[in-house]
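A.B. asks: Sending over model_17.cif (mmCIF, C-alpha atoms).
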```cif
data_structure
#
loop_
_atom_site.label_atom_id
_atom_site.label_comp_id
_atom_site.auth_asym_id
_atom_site.auth_seq_id
_atom_site.Cartn_x
_atom_site.Cartn_y
_atom_site.Cartn_z
CA MET A 1 57.73 -42.49 74.30
CA PHE A 2 59.30 -39.09 73.65
CA GLU A 3 62.29 -40.48 71.82
CA THR A 4 61.57 -40.99 68.20
CA ALA A 5 63.46 -41.90 65.05
CA LEU A 6 61.24 -39.56 63.08
CA THR A 7 63.30 -37.00 61.16
CA TRP A 8 62.40 -33.79 59.44
CA SER A 9 62.65 -35.43 56.05
CA ASP A 10 60.08 -37.99 57.21
CA LEU A 11 57.78 -35.13 58.16
CA ALA A 12 58.36 -33.64 54.72
CA PHE A 13 57.38 -37.03 53.27
CA LEU A 14 54.15 -36.88 55.26
CA ALA A 15 53.53 -33.34 54.06
CA GLN A 16 54.03 -34.54 50.50
CA GLY A 17 51.43 -37.23 51.17
CA ALA A 18 49.07 -34.59 52.52
CA GLY A 19 49.69 -32.60 49.35
CA MET A 20 48.67 -35.61 47.28
CA THR A 21 45.50 -36.01 49.37
CA LEU A 22 44.63 -32.35 48.78
CA LEU A 23 45.41 -32.57 45.06
CA VAL A 24 43.22 -35.64 44.53
CA THR A 25 40.46 -33.99 46.57
CA ALA A 26 40.69 -30.69 44.68
CA VAL A 27 40.59 -32.32 41.24
CA SER A 28 37.76 -34.72 42.11
CA VAL A 29 35.64 -32.16 43.93
CA THR A 30 35.98 -29.64 41.10
CA ALA A 31 35.10 -32.14 38.38
CA GLY A 32 32.46 -33.81 40.55
CA THR A 33 30.78 -30.51 41.36
CA VAL A 34 30.58 -29.48 37.69
CA LEU A 35 29.08 -32.87 36.82
CA GLY A 36 26.84 -32.76 39.88
CA VAL A 37 25.42 -29.35 38.95
CA ILE A 38 24.72 -30.52 35.40
CA PHE A 39 23.10 -33.78 36.56
CA GLY A 40 21.20 -31.97 39.30
CA VAL A 41 19.69 -29.48 36.86
CA ILE A 42 18.84 -32.30 34.45
CA ARG A 43 17.23 -34.33 37.23
CA PHE A 44 15.16 -31.38 38.34
CA GLN A 45 14.26 -30.33 34.82
CA VAL A 46 13.09 -33.67 33.39
CA GLY A 47 11.17 -34.68 36.53
CA PRO A 48 11.38 -37.79 38.66
CA TYR A 49 9.99 -40.17 36.04
CA TRP A 50 12.32 -39.50 33.12
CA SER A 51 15.37 -39.18 35.32
CA ILE A 52 15.03 -42.75 36.64
CA PRO A 53 18.00 -44.05 34.58
CA LEU A 54 20.25 -41.22 35.76
CA THR A 55 19.06 -41.60 39.35
CA PHE A 56 19.76 -45.32 39.23
CA VAL A 57 23.30 -44.92 37.87
CA LEU A 58 24.13 -42.25 40.43
CA ASP A 59 22.58 -44.36 43.18
CA VAL A 60 24.95 -47.19 42.29
CA PHE A 61 27.88 -44.91 43.07
CA ARG A 62 26.40 -44.26 46.50
CA SER A 63 25.51 -47.86 47.32
CA VAL A 64 28.73 -49.63 46.34
CA PRO A 65 31.80 -49.23 48.57
CA LEU A 66 34.30 -46.73 47.18
CA LEU A 67 37.09 -49.29 47.51
CA ILE A 68 35.23 -51.68 45.19
CA GLN A 69 34.55 -48.82 42.78
CA LEU A 70 38.24 -47.95 42.67
CA VAL A 71 39.28 -51.55 42.04
CA LEU A 72 36.61 -51.90 39.34
CA GLY A 73 37.63 -48.63 37.72
CA ASN A 74 41.24 -49.68 37.67
CA ALA A 75 40.38 -53.11 36.22
CA PHE A 76 38.17 -51.46 33.61
CA GLN A 77 40.81 -49.03 32.45
CA SER A 78 43.26 -51.87 31.95
CA ILE A 79 40.63 -53.96 30.10
CA ALA A 80 39.79 -51.03 27.84
CA ARG A 81 43.53 -50.33 27.41
CA LEU A 82 43.17 -46.71 28.37
CA GLY A 83 46.60 -46.77 29.97
CA TRP A 84 45.59 -44.42 32.78
CA PRO A 85 48.00 -44.02 35.69
CA PRO A 86 46.51 -44.66 39.16
CA PHE A 87 46.18 -40.92 39.73
CA THR A 88 43.83 -40.46 36.76
CA THR A 89 41.80 -43.54 37.64
CA SER A 90 41.43 -42.38 41.25
CA CYS A 91 40.37 -38.90 40.19
CA VAL A 92 37.82 -40.19 37.65
CA ILE A 93 36.21 -42.57 40.13
CA LEU A 94 36.24 -40.02 42.96
CA SER A 95 34.74 -37.39 40.61
CA LEU A 96 31.85 -39.67 39.71
CA TYR A 97 31.44 -40.54 43.39
CA THR A 98 31.36 -36.83 44.25
CA ALA A 99 28.97 -36.11 41.37
CA ALA A 100 26.53 -38.74 42.67
CA TYR A 101 26.26 -36.97 46.03
CA CYS A 102 26.47 -33.47 44.55
CA THR A 103 23.50 -34.17 42.26
CA GLU A 104 21.28 -34.76 45.29
CA ILE A 105 22.53 -31.59 46.96
CA VAL A 106 21.96 -29.49 43.82
CA ARG A 107 18.53 -30.98 43.24
CA GLY A 108 17.60 -30.27 46.85
CA GLY A 109 18.86 -26.72 46.50
CA ILE A 110 16.89 -26.06 43.31
CA SER A 111 13.68 -27.52 44.67
CA SER A 112 14.02 -25.35 47.79
CA VAL A 113 13.48 -22.24 45.63
CA PRO A 114 9.76 -21.42 45.80
CA VAL A 115 7.94 -22.00 42.52
CA THR A 116 6.21 -18.64 42.87
CA THR A 117 9.56 -16.83 42.91
CA ARG A 118 10.56 -18.50 39.68
CA ARG A 119 7.22 -17.80 38.04
CA ALA A 120 7.54 -14.16 39.05
CA ALA A 121 10.94 -14.06 37.36
CA ARG A 122 9.57 -15.65 34.22
CA SER A 123 6.60 -13.30 34.07
CA LEU A 124 9.01 -10.37 34.31
CA GLY A 125 10.28 -11.57 30.95
CA MET A 126 13.39 -13.44 32.09
CA THR A 127 14.44 -16.41 30.00
CA TRP A 128 14.91 -19.85 31.56
CA TRP A 129 18.64 -19.26 31.66
CA GLN A 130 18.30 -15.81 33.25
CA ASP A 131 15.92 -17.24 35.83
CA MET A 132 18.45 -20.01 36.60
CA ARG A 133 21.39 -17.63 36.72
CA TYR A 134 19.97 -14.68 38.66
CA ILE A 135 17.15 -16.15 40.74
CA VAL A 136 17.70 -19.87 41.34
CA ALA A 137 21.50 -19.98 41.59
CA PRO A 138 21.89 -17.47 44.45
CA LEU A 139 18.97 -18.86 46.45
CA ALA A 140 19.90 -22.51 45.88
CA THR A 141 23.55 -21.87 46.77
CA ARG A 142 22.55 -20.63 50.20
CA VAL A 143 20.70 -23.85 50.90
CA SER A 144 23.26 -26.16 49.32
CA LEU A 145 26.59 -24.70 50.39
CA PRO A 146 26.72 -26.19 53.92
CA SER A 147 26.01 -29.71 52.61
CA TRP A 148 28.46 -29.16 49.78
CA ILE A 149 31.17 -28.31 52.32
CA GLY A 150 30.28 -31.49 54.16
CA LEU A 151 30.57 -33.41 50.91
CA THR A 152 33.97 -31.91 50.15
CA LEU A 153 35.26 -32.95 53.56
CA GLY A 154 33.76 -36.40 53.09
CA VAL A 155 35.56 -36.78 49.77
CA MET A 156 38.81 -35.64 51.37
CA LYS A 157 38.47 -38.33 54.02
CA ASP A 158 37.39 -40.96 51.51
CA SER A 159 40.32 -40.07 49.27
CA ALA A 160 42.42 -42.06 51.75
CA LEU A 161 41.14 -45.16 49.93
CA VAL A 162 43.15 -44.38 46.80
CA LEU A 163 46.11 -45.92 48.63
CA TRP A 164 44.70 -49.25 47.44
CA LEU A 165 45.67 -48.28 43.87
CA GLY A 166 49.21 -47.49 44.98
CA LEU A 167 48.95 -43.74 45.20
CA ILE A 168 51.06 -42.39 48.07
CA GLU A 169 48.73 -40.03 49.88
CA LEU A 170 48.76 -39.04 53.56
CA LEU A 171 47.61 -42.33 55.07
CA ARG A 172 49.80 -44.47 52.80
CA ALA A 173 52.78 -42.21 53.54
CA SER A 174 52.31 -42.69 57.26
CA GLN A 175 51.89 -46.43 56.74
CA ILE A 176 55.23 -46.55 54.92
CA LEU A 177 56.85 -44.68 57.82
CA VAL A 178 55.22 -47.05 60.32
CA THR A 179 56.67 -50.03 58.49
CA ARG A 180 60.13 -48.48 58.54
CA LEU A 181 60.25 -46.90 62.00
CA GLN A 182 57.98 -49.30 63.92
CA GLU A 183 56.32 -46.49 65.87
CA PRO A 184 52.71 -46.97 64.74
CA LEU A 185 50.93 -44.95 67.41
CA PHE A 186 53.08 -41.83 67.19
CA ILE A 187 53.10 -41.63 63.38
CA LEU A 188 49.41 -42.43 63.03
CA MET A 189 48.70 -39.71 65.61
CA ILE A 190 50.54 -37.19 63.44
CA CYS A 191 48.66 -38.43 60.39
CA GLY A 192 45.34 -38.14 62.21
CA ALA A 193 46.27 -34.69 63.47
CA ILE A 194 46.96 -33.53 59.90
CA TYR A 195 43.60 -34.83 58.72
CA PHE A 196 41.94 -33.19 61.71
CA ILE A 197 43.62 -29.83 61.09
CA LEU A 198 42.58 -29.92 57.44
CA SER A 199 39.02 -30.93 58.15
CA PHE A 200 37.95 -29.41 61.46
CA PRO A 201 38.08 -25.66 60.65
CA VAL A 202 36.22 -26.18 57.39
CA ALA A 203 33.63 -28.34 59.15
CA ARG A 204 33.15 -25.56 61.69
CA LEU A 205 32.75 -23.04 58.86
CA GLY A 206 30.08 -25.27 57.31
CA GLY A 207 28.25 -25.50 60.62
CA TYR A 208 28.43 -21.73 61.03
CA LEU A 209 27.09 -21.09 57.52
CA GLU A 210 24.29 -23.56 58.08
CA LYS A 211 23.23 -21.68 61.19
CA ARG A 212 23.77 -18.25 59.69
CA TRP A 213 21.98 -18.95 56.43
CA SER A 214 19.16 -21.22 57.51
CA PRO A 215 16.02 -19.68 55.98
CA ASN A 216 13.78 -20.05 59.01
CA ASP A 217 15.59 -17.82 61.47
CA MET B 24 35.46 -54.93 21.58
CA PHE B 25 37.92 -54.84 24.46
CA ASN B 26 40.25 -57.60 23.32
CA TYR B 27 39.56 -59.23 26.69
CA THR B 28 37.58 -62.36 27.36
CA PHE B 29 35.24 -62.04 30.30
CA HIS B 30 34.99 -65.19 32.40
CA TRP B 31 31.78 -64.62 34.28
CA ASN B 32 31.36 -68.33 34.96
CA GLN B 33 34.37 -68.35 37.22
CA ALA B 34 32.89 -65.54 39.26
CA LEU B 35 29.43 -67.10 39.37
CA ARG B 36 30.89 -70.39 40.57
CA ALA B 37 32.36 -68.52 43.53
CA LEU B 38 29.00 -66.94 44.33
CA PRO B 39 28.14 -69.19 47.33
CA GLN B 40 31.50 -68.37 48.88
CA MET B 41 30.92 -64.67 48.32
CA LEU B 42 27.42 -64.85 49.80
CA ASP B 43 28.96 -66.39 52.92
CA GLY B 44 31.22 -63.35 52.97
CA ALA B 45 28.20 -61.10 52.58
CA LEU B 46 26.77 -62.63 55.78
CA VAL B 47 29.97 -61.74 57.64
CA THR B 48 29.77 -58.23 56.19
CA LEU B 49 26.20 -57.88 57.41
CA GLU B 50 27.15 -59.29 60.81
CA ILE B 51 29.98 -56.77 61.26
CA ALA B 52 27.74 -53.92 60.13
CA LEU B 53 24.95 -54.89 62.53
CA LEU B 54 27.34 -55.43 65.46
CA SER B 55 29.13 -52.15 64.80
CA MET B 56 25.79 -50.40 64.58
CA ALA B 57 24.61 -51.91 67.89
CA ILE B 58 27.86 -50.94 69.64
CA GLY B 59 27.79 -47.54 67.94
CA LEU B 60 24.22 -46.85 69.06
CA ALA B 61 25.04 -47.80 72.64
CA CYS B 62 28.17 -45.61 72.65
CA ALA B 63 26.32 -42.74 70.98
CA MET B 64 23.63 -42.90 73.65
CA VAL B 65 26.27 -42.76 76.38
CA LEU B 66 28.03 -39.87 74.60
CA THR B 67 24.72 -38.00 74.37
CA LEU B 68 24.14 -38.51 78.10
CA PHE B 69 27.71 -37.29 78.75
CA ARG B 70 26.98 -34.16 76.74
CA LEU B 71 23.77 -33.51 78.63
CA SER B 72 25.37 -34.22 82.00
CA GLY B 73 26.81 -30.73 82.37
CA ASN B 74 30.02 -32.24 83.70
CA ARG B 75 33.02 -30.56 82.00
CA VAL B 76 35.16 -33.69 81.80
CA LEU B 77 32.41 -35.94 80.50
CA SER B 78 31.09 -33.53 77.88
CA GLY B 79 34.68 -32.75 76.83
CA PHE B 80 35.32 -36.45 76.36
CA ALA B 81 32.16 -36.75 74.24
CA ALA B 82 33.10 -33.72 72.15
CA VAL B 83 36.60 -35.07 71.46
CA TRP B 84 35.22 -38.48 70.46
CA VAL B 85 32.64 -36.95 68.11
CA GLU B 86 35.04 -34.51 66.48
CA VAL B 87 37.80 -37.09 65.96
CA ALA B 88 35.33 -39.61 64.55
CA ARG B 89 33.87 -37.04 62.15
CA ASN B 90 37.07 -35.33 61.06
CA THR B 91 39.38 -38.25 60.28
CA PRO B 92 38.91 -40.94 57.64
CA ALA B 93 37.24 -44.20 58.65
CA LEU B 94 40.24 -46.02 57.24
CA PHE B 95 42.50 -44.06 59.60
CA GLN B 96 40.34 -45.12 62.53
CA ILE B 97 40.61 -48.76 61.50
CA TYR B 98 44.40 -48.41 61.10
CA MET B 99 44.53 -46.86 64.55
CA ALA B 100 42.72 -49.87 66.01
CA HIS B 101 44.85 -52.35 64.09
CA PHE B 102 48.35 -50.83 64.12
CA GLY B 103 48.13 -48.00 66.67
CA LEU B 104 46.97 -50.09 69.61
CA GLY B 105 49.96 -52.35 69.05
CA ASN B 106 52.02 -49.75 70.94
CA PHE B 107 50.14 -50.67 74.11
CA GLY B 108 50.65 -54.37 73.47
CA ILE B 109 47.06 -54.79 72.32
CA HIS B 110 47.02 -56.77 69.11
CA LEU B 111 43.55 -56.89 67.63
CA SER B 112 42.66 -59.36 64.93
CA PRO B 113 41.53 -57.80 61.64
CA TYR B 114 37.94 -58.64 62.55
CA ALA B 115 38.13 -56.92 65.93
CA ALA B 116 40.03 -53.94 64.52
CA LEU B 117 37.49 -53.47 61.75
CA LEU B 118 34.61 -53.76 64.20
CA ALA B 119 36.23 -51.33 66.64
CA GLY B 120 37.03 -48.80 63.91
CA ILE B 121 33.55 -48.80 62.41
CA ALA B 122 31.85 -48.78 65.81
CA PHE B 123 33.96 -45.75 66.84
CA ASN B 124 33.01 -43.99 63.61
CA ASN B 125 29.32 -44.88 63.94
CA ALA B 126 29.21 -43.67 67.53
CA GLY B 127 30.59 -40.28 66.53
CA TYR B 128 28.17 -39.70 63.70
CA LEU B 129 25.17 -41.10 65.59
CA ALA B 130 25.92 -38.93 68.63
CA GLU B 131 25.86 -35.91 66.31
CA ASN B 132 22.54 -37.11 64.86
CA PHE B 133 21.15 -37.48 68.36
CA ARG B 134 22.25 -33.97 69.21
CA GLY B 135 20.43 -32.63 66.17
CA ALA B 136 17.34 -34.61 67.11
CA LEU B 137 17.50 -33.35 70.71
CA LYS B 138 17.45 -29.78 69.46
CA ALA B 139 14.14 -30.48 67.73
CA ILE B 140 12.51 -31.56 71.01
CA PRO B 141 11.21 -28.64 73.07
CA ASP B 142 12.71 -28.17 76.54
CA THR B 143 9.21 -28.07 77.94
CA GLN B 144 8.82 -31.80 77.32
CA ALA B 145 11.57 -32.74 79.75
CA ARG B 146 10.38 -30.10 82.22
CA ALA B 147 6.85 -31.44 82.10
CA GLY B 148 8.28 -34.85 82.89
CA ARG B 149 10.27 -33.44 85.80
CA SER B 150 7.25 -31.65 87.21
CA LEU B 151 5.34 -34.92 87.13
CA GLY B 152 7.91 -36.16 89.62
CA MET B 153 10.25 -38.02 87.29
CA SER B 154 13.97 -37.94 87.96
CA SER B 155 16.04 -36.35 85.21
CA LEU B 156 17.17 -39.77 84.03
CA GLN B 157 13.56 -40.98 83.96
CA ALA B 158 12.48 -37.91 82.02
CA PHE B 159 15.23 -38.62 79.50
CA ARG B 160 14.44 -42.31 79.31
CA TYR B 161 10.66 -42.09 78.98
CA ILE B 162 9.99 -38.67 77.44
CA VAL B 163 12.97 -37.42 75.46
CA MET B 164 14.64 -40.61 74.23
CA PRO B 165 11.64 -42.09 72.37
CA GLN B 166 11.12 -38.84 70.46
CA MET B 167 14.84 -38.50 69.83
CA LEU B 168 15.07 -42.02 68.38
CA ARG B 169 12.10 -41.34 66.15
CA ILE B 170 13.70 -38.22 64.67
CA ALA B 171 17.14 -39.79 64.44
CA PHE B 172 15.89 -42.98 62.80
CA LEU B 173 16.32 -41.89 59.18
CA PRO B 174 19.88 -40.54 59.62
CA ALA B 175 20.69 -43.71 61.55
CA THR B 176 19.50 -45.76 58.56
CA ASN B 177 21.94 -43.85 56.38
CA GLN B 178 24.63 -44.58 58.93
CA MET B 179 23.78 -48.28 58.71
CA VAL B 180 24.31 -48.19 54.94
CA TRP B 181 27.57 -46.36 55.57
CA ALA B 182 28.58 -49.07 58.03
CA ILE B 183 27.96 -51.74 55.39
CA LEU B 184 30.09 -49.86 52.88
CA MET B 185 32.81 -49.26 55.48
CA THR B 186 33.17 -52.98 56.19
CA SER B 187 34.87 -53.25 52.79
CA LEU B 188 37.82 -51.35 54.30
CA GLY B 189 38.70 -54.43 56.35
CA VAL B 190 40.56 -55.85 53.38
CA THR B 191 43.26 -53.20 53.89
CA VAL B 192 44.12 -54.62 57.33
CA GLY B 193 44.09 -58.23 56.16
CA MET B 194 40.48 -59.19 56.80
CA ASN B 195 39.70 -62.20 54.59
CA THR B 196 36.31 -63.49 55.68
CA ASP B 197 33.99 -60.65 54.70
CA LEU B 198 32.73 -59.96 51.19
CA ALA B 199 35.56 -57.63 50.16
CA GLY B 200 38.17 -59.90 51.75
CA ILE B 201 36.89 -63.06 50.05
CA THR B 202 36.64 -61.22 46.73
CA GLN B 203 40.21 -60.05 47.11
CA GLU B 204 41.39 -63.59 47.88
CA LEU B 205 39.58 -65.04 44.88
CA ASN B 206 41.05 -62.26 42.80
CA ALA B 207 44.56 -62.96 44.02
CA ARG B 208 44.13 -66.60 42.98
CA SER B 209 42.70 -66.04 39.50
CA PHE B 210 43.36 -62.39 38.53
CA ARG B 211 39.80 -62.09 37.22
CA THR B 212 39.61 -58.73 38.99
CA PHE B 213 36.81 -57.13 37.03
CA GLU B 214 34.45 -60.11 37.14
CA PHE B 215 34.87 -60.80 40.85
CA PHE B 216 34.64 -57.20 41.94
CA ALA B 217 31.67 -56.50 39.67
CA LEU B 218 29.83 -59.37 41.31
CA ALA B 219 30.85 -58.06 44.74
CA ALA B 220 29.56 -54.62 43.76
CA VAL B 221 26.19 -56.13 42.81
CA ILE B 222 25.98 -57.93 46.15
CA TYR B 223 26.87 -54.76 48.08
CA TYR B 224 24.25 -52.85 46.12
CA VAL B 225 21.57 -55.43 46.88
CA ILE B 226 22.45 -55.48 50.59
CA ALA B 227 22.42 -51.68 50.82
CA LYS B 228 19.07 -51.43 49.04
CA ALA B 229 17.55 -54.24 51.10
CA VAL B 230 18.60 -52.54 54.34
CA THR B 231 17.21 -49.18 53.19
CA LEU B 232 13.88 -50.69 52.15
CA ALA B 233 13.60 -52.76 55.33
CA ALA B 234 14.30 -49.69 57.45
CA ARG B 235 11.70 -47.69 55.56
CA ALA B 236 9.09 -50.42 56.01
CA PHE B 237 9.99 -50.68 59.70
CA ALA B 238 9.72 -46.91 60.14
CA SER B 239 6.35 -46.65 58.46
CA ARG B 240 5.00 -49.36 60.79
CA MET B 241 6.65 -48.15 63.99
CA PHE B 242 6.37 -44.40 63.68
CA ARG B 243 2.72 -44.03 62.70
CA TYR B 244 0.98 -41.28 64.58
#
```
For the structure just supplied, provide its representation as structure tokens.
C.D. replies:
Amino acid sequence: MFETALTWSDLAFLAQGAGMTLLVTAVSVTAGTVLGVIFGVIRFQVGPYWSIPLTFVLDVFRSVPLLIQLVLGNAFQSIARLGWPPFTTSCVILSLYTAAYCTEIVRGGISSVPVTTRRAARSLGMTWWQDMRYIVAPLATRVSLPSWIGLTLGVMKDSALVLWLGLIELLRASQILVTRLQEPLFILMICGAIYFILSFPVARLGGYLEKRWSPND
Amino acid sequence: MFNYTFHWNQALRALPQMLDGALVTLEIALLSMAIGLACAMVLTLFRLSGNRVLSGFAAVWVEVARNTPALFQIYMAHFGLGNFGIHLSPYAALLAGIAFNNAGYLAENFRGALKAIPDTQARAGRSLGMSSLQAFRYIVMPQMLRIAFLPATNQMVWAILMTSLGVTVGMNTDLAGITQELNARSFRTFEFFALAAVIYYVIAKAVTLAARAFASRMFRY
């Protein structure tokens, strides 16, 4: 069990895969968060009735498996002759997927700000934008940040699915090594350990913030 | 517009086959949920037991399940166990992977729910002469299940979506697997997968609505 054909260059290959995982996650989470904030504000601002179309579209992204979304996105880009490489397709789909969840988080955060606080801001002569920027944003961030961290970690784990489009990220890299070295358990353990090391500390931080910032105690 | 002719008929003709697959998907999701609930309950008991080894085991299970991708867990069941000479079929590997994942998340839900139940409840039970297991079974557990029901519903939807990962380990009887096989035969990728997406959406919505109806009947005060 302790003899392995794994070499340092194989480990570097795994690290490269992990880099790809992090890159896809960073791009998608950034784009998804920007979209999510915009959609969240729109959803809150126009009320539940007029935001039904937006809610429905975003709900589709949460109710259809990500794998199917990725395959559909890839098929669509080839039908529309966009000529996107798998990396772009993956990032676009993952961004929309992130945005769908982020919208809910942002909406929840905004609606957690007491109406009276906002009215007070407005009656002090603040504009809508000033109210959003100086009153709502700081208060809503406190409520939303722990769930946003959870979402980011979720997207990082779900980004493993982009292997289906042929992108060599961490899990695909370890699968390639498994095929070559025939030591599935050992290599998958390393792969799992890398995911765990990336995810666990951040998850703990999220849990800590949730406890530290919860408004009731 | 796209210089591409959509052949929806071909996909619609395969609909009965895909609905058969949807049944398998639902079956795996329900089974994994049942196994996951049972395991989560055991893990919760382990955590409450006060025994170092048992609660450590539960903590490791929960953290691994929550901090690694579901796809990794399925790979582990399918490829990783091969090292011990255990060769699971795609169906069993998928079921094991999702059940492991469900158990981890549900155990965490249960822990959150337990925090919401005052200690005094269990103590009142104990002072009425119940054993600690009885107090858990008759006083704490019903309240815990009530609080954890909504998160568990979400987990059920997650389980349905996760079943689609089976196709990566060669599963070919569930909805994603059948769609992939049809696709490999005809290369009508967009049509087949769009139809699959609609079916997944309908299943997910149906499960959510059913759970909500069930909850409003069961959990009336």
A.B. asks: Tell me, as an NGL selection string, which residues lie within 9 Å of segment 176-191 of chain A, counting only C-alpha atoms; anything in the same chain fewer than 4 positions away does not count.
C.D. replies: (:A and (1 or 4-6 or 10 or 13-14 or 18 or 170-172 or 195-196)) or (:B and (95 or 98-99 or 102-107))
A.B. asks: Export, as a compact mmCIF listing (two decimals), in the coordinates of the input, the selected residues with C-alpha atoms.
C.D. replies:
```txt
# COMPACT_ATOMS: atom_id res chain seq x y z
CA MET A 1 57.73 -42.49 74.30
CA THR A 4 61.57 -40.99 68.20
CA ALA A 5 63.46 -41.90 65.05
CA LEU A 6 61.24 -39.56 63.08
CA ASP A 10 60.08 -37.99 57.21
CA PHE A 13 57.38 -37.03 53.27
CA LEU A 14 54.15 -36.88 55.26
CA ALA A 18 49.07 -34.59 52.52
CA LEU A 170 48.76 -39.04 53.56
CA LEU A 171 47.61 -42.33 55.07
CA ARG A 172 49.80 -44.47 52.80
CA TYR A 195 43.60 -34.83 58.72
CA PHE A 196 41.94 -33.19 61.71
CA PHE B 95 42.50 -44.06 59.60
CA TYR B 98 44.40 -48.41 61.10
CA MET B 99 44.53 -46.86 64.55
CA PHE B 102 48.35 -50.83 64.12
CA GLY B 103 48.13 -48.00 66.67
CA LEU B 104 46.97 -50.09 69.61
CA GLY B 105 49.96 -52.35 69.05
CA ASN B 106 52.02 -49.75 70.94
CA PHE B 107 50.14 -50.67 74.11
```
A.B. asks: Carefully work through the PyMOL selection byres ((chain A) within 9 of (chain B)) for this structure and note down the residues it includes, as a PyMOL selection string.
C.D. replies: chain A and resi 60+62-69+71-76+79-81+153-154+156-161+164+171+175+178+183-189+191-200+203
A.B. asks: Since we have the selection now, will you write its residues out, keeping C-alpha atoms, as a tab-separated table (two decimals), in the frame of the given file?
C.D. replies:
```tsv
chain	number	residue	atom	x	y	z
A	60	VAL	CA	24.95	-47.19	42.29
A	62	ARG	CA	26.40	-44.26	46.50
A	63	SER	CA	25.51	-47.86	47.32
A	64	VAL	CA	28.73	-49.63	46.34
A	65	PRO	CA	31.80	-49.23	48.57
A	66	LEU	CA	34.30	-46.73	47.18
A	67	LEU	CA	37.09	-49.29	47.51
A	68	ILE	CA	35.23	-51.68	45.19
A	69	GLN	CA	34.55	-48.82	42.78
A	71	VAL	CA	39.28	-51.55	42.04
A	72	LEU	CA	36.61	-51.90	39.34
A	73	GLY	CA	37.63	-48.63	37.72
A	74	ASN	CA	41.24	-49.68	37.67
A	75	ALA	CA	40.38	-53.11	36.22
A	76	PHE	CA	38.17	-51.46	33.61
A	79	ILE	CA	40.63	-53.96	30.10
A	80	ALA	CA	39.79	-51.03	27.84
A	81	ARG	CA	43.53	-50.33	27.41
A	153	LEU	CA	35.26	-32.95	53.56
A	154	GLY	CA	33.76	-36.40	53.09
A	156	MET	CA	38.81	-35.64	51.37
A	157	LYS	CA	38.47	-38.33	54.02
A	158	ASP	CA	37.39	-40.96	51.51
A	159	SER	CA	40.32	-40.07	49.27
A	160	ALA	CA	42.42	-42.06	51.75
A	161	LEU	CA	41.14	-45.16	49.93
A	164	TRP	CA	44.70	-49.25	47.44
A	171	LEU	CA	47.61	-42.33	55.07
A	175	GLN	CA	51.89	-46.43	56.74
A	178	VAL	CA	55.22	-47.05	60.32
A	183	GLU	CA	56.32	-46.49	65.87
A	184	PRO	CA	52.71	-46.97	64.74
A	185	LEU	CA	50.93	-44.95	67.41
A	186	PHE	CA	53.08	-41.83	67.19
A	187	ILE	CA	53.10	-41.63	63.38
A	188	LEU	CA	49.41	-42.43	63.03
A	189	MET	CA	48.70	-39.71	65.61
A	191	CYS	CA	48.66	-38.43	60.39
A	192	GLY	CA	45.34	-38.14	62.21
A	193	ALA	CA	46.27	-34.69	63.47
A	194	ILE	CA	46.96	-33.53	59.90
A	195	TYR	CA	43.60	-34.83	58.72
A	196	PHE	CA	41.94	-33.19	61.71
A	197	ILE	CA	43.62	-29.83	61.09
A	198	LEU	CA	42.58	-29.92	57.44
A	199	SER	CA	39.02	-30.93	58.15
A	200	PHE	CA	37.95	-29.41	61.46
A	203	ALA	CA	33.63	-28.34	59.15
```
A.B. asks: Could you state which residues are captured by the PyMOL selection byres ((chain A and resi 131-138) around 8) in this file, as a CSV table (one decimal) with C-alpha atoms, keeping the file's coordinate frame?
C.D. replies:
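Writing the result to selection-v6.csv gives the following:
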```csv
chain,number,residue,atom,x,y,z
A,110,ILE,CA,16.9,-26.1,43.3
A,113,VAL,CA,13.5,-22.2,45.6
A,117,THR,CA,9.6,-16.8,42.9
A,118,ARG,CA,10.6,-18.5,39.7
A,121,ALA,CA,10.9,-14.1,37.4
A,122,ARG,CA,9.6,-15.6,34.2
A,126,MET,CA,13.4,-13.4,32.1
A,127,THR,CA,14.4,-16.4,30.0
A,128,TRP,CA,14.9,-19.8,31.6
A,129,TRP,CA,18.6,-19.3,31.7
A,130,GLN,CA,18.3,-15.8,33.2
A,139,LEU,CA,19.0,-18.9,46.4
A,140,ALA,CA,19.9,-22.5,45.9
A,141,THR,CA,23.6,-21.9,46.8
A,142,ARG,CA,22.6,-20.6,50.2
```
A.B. asks: Give me the residues within 8 Å of segment 20-30 of chain A as a ChimeraX atom specification, counting only C-alpha atoms and dropping any in the same chain fewer than 3 places off.
C.D. replies: /A:16-17,33-34,87,90-92,94-95,98,152,155-156,159-160,168-170
A.B. asks: Measuring between only C-alpha atoms, which one of A:Gly108, A:Gly206, A:Pro86, A:Pro114 shows the shortest distance to Leu165 of chain A?
C.D. replies: A:Pro86
A.B. asks: Calculated over all atoms listed in the file, which of the candidates A:Ala12, A:Val46, A:Ala31, A:Leu209 has the smallest distance to Val143 of chain A?
C.D. replies: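 For Val143 of chain A, the nearest of the given residues is A:Leu209.
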A.B. asks: Find the distance between atom CA of Cys62 of chain B and atom CA of Ala234 of chain B and write it in Å to one decimal.
C.D. replies: 21.0 Å
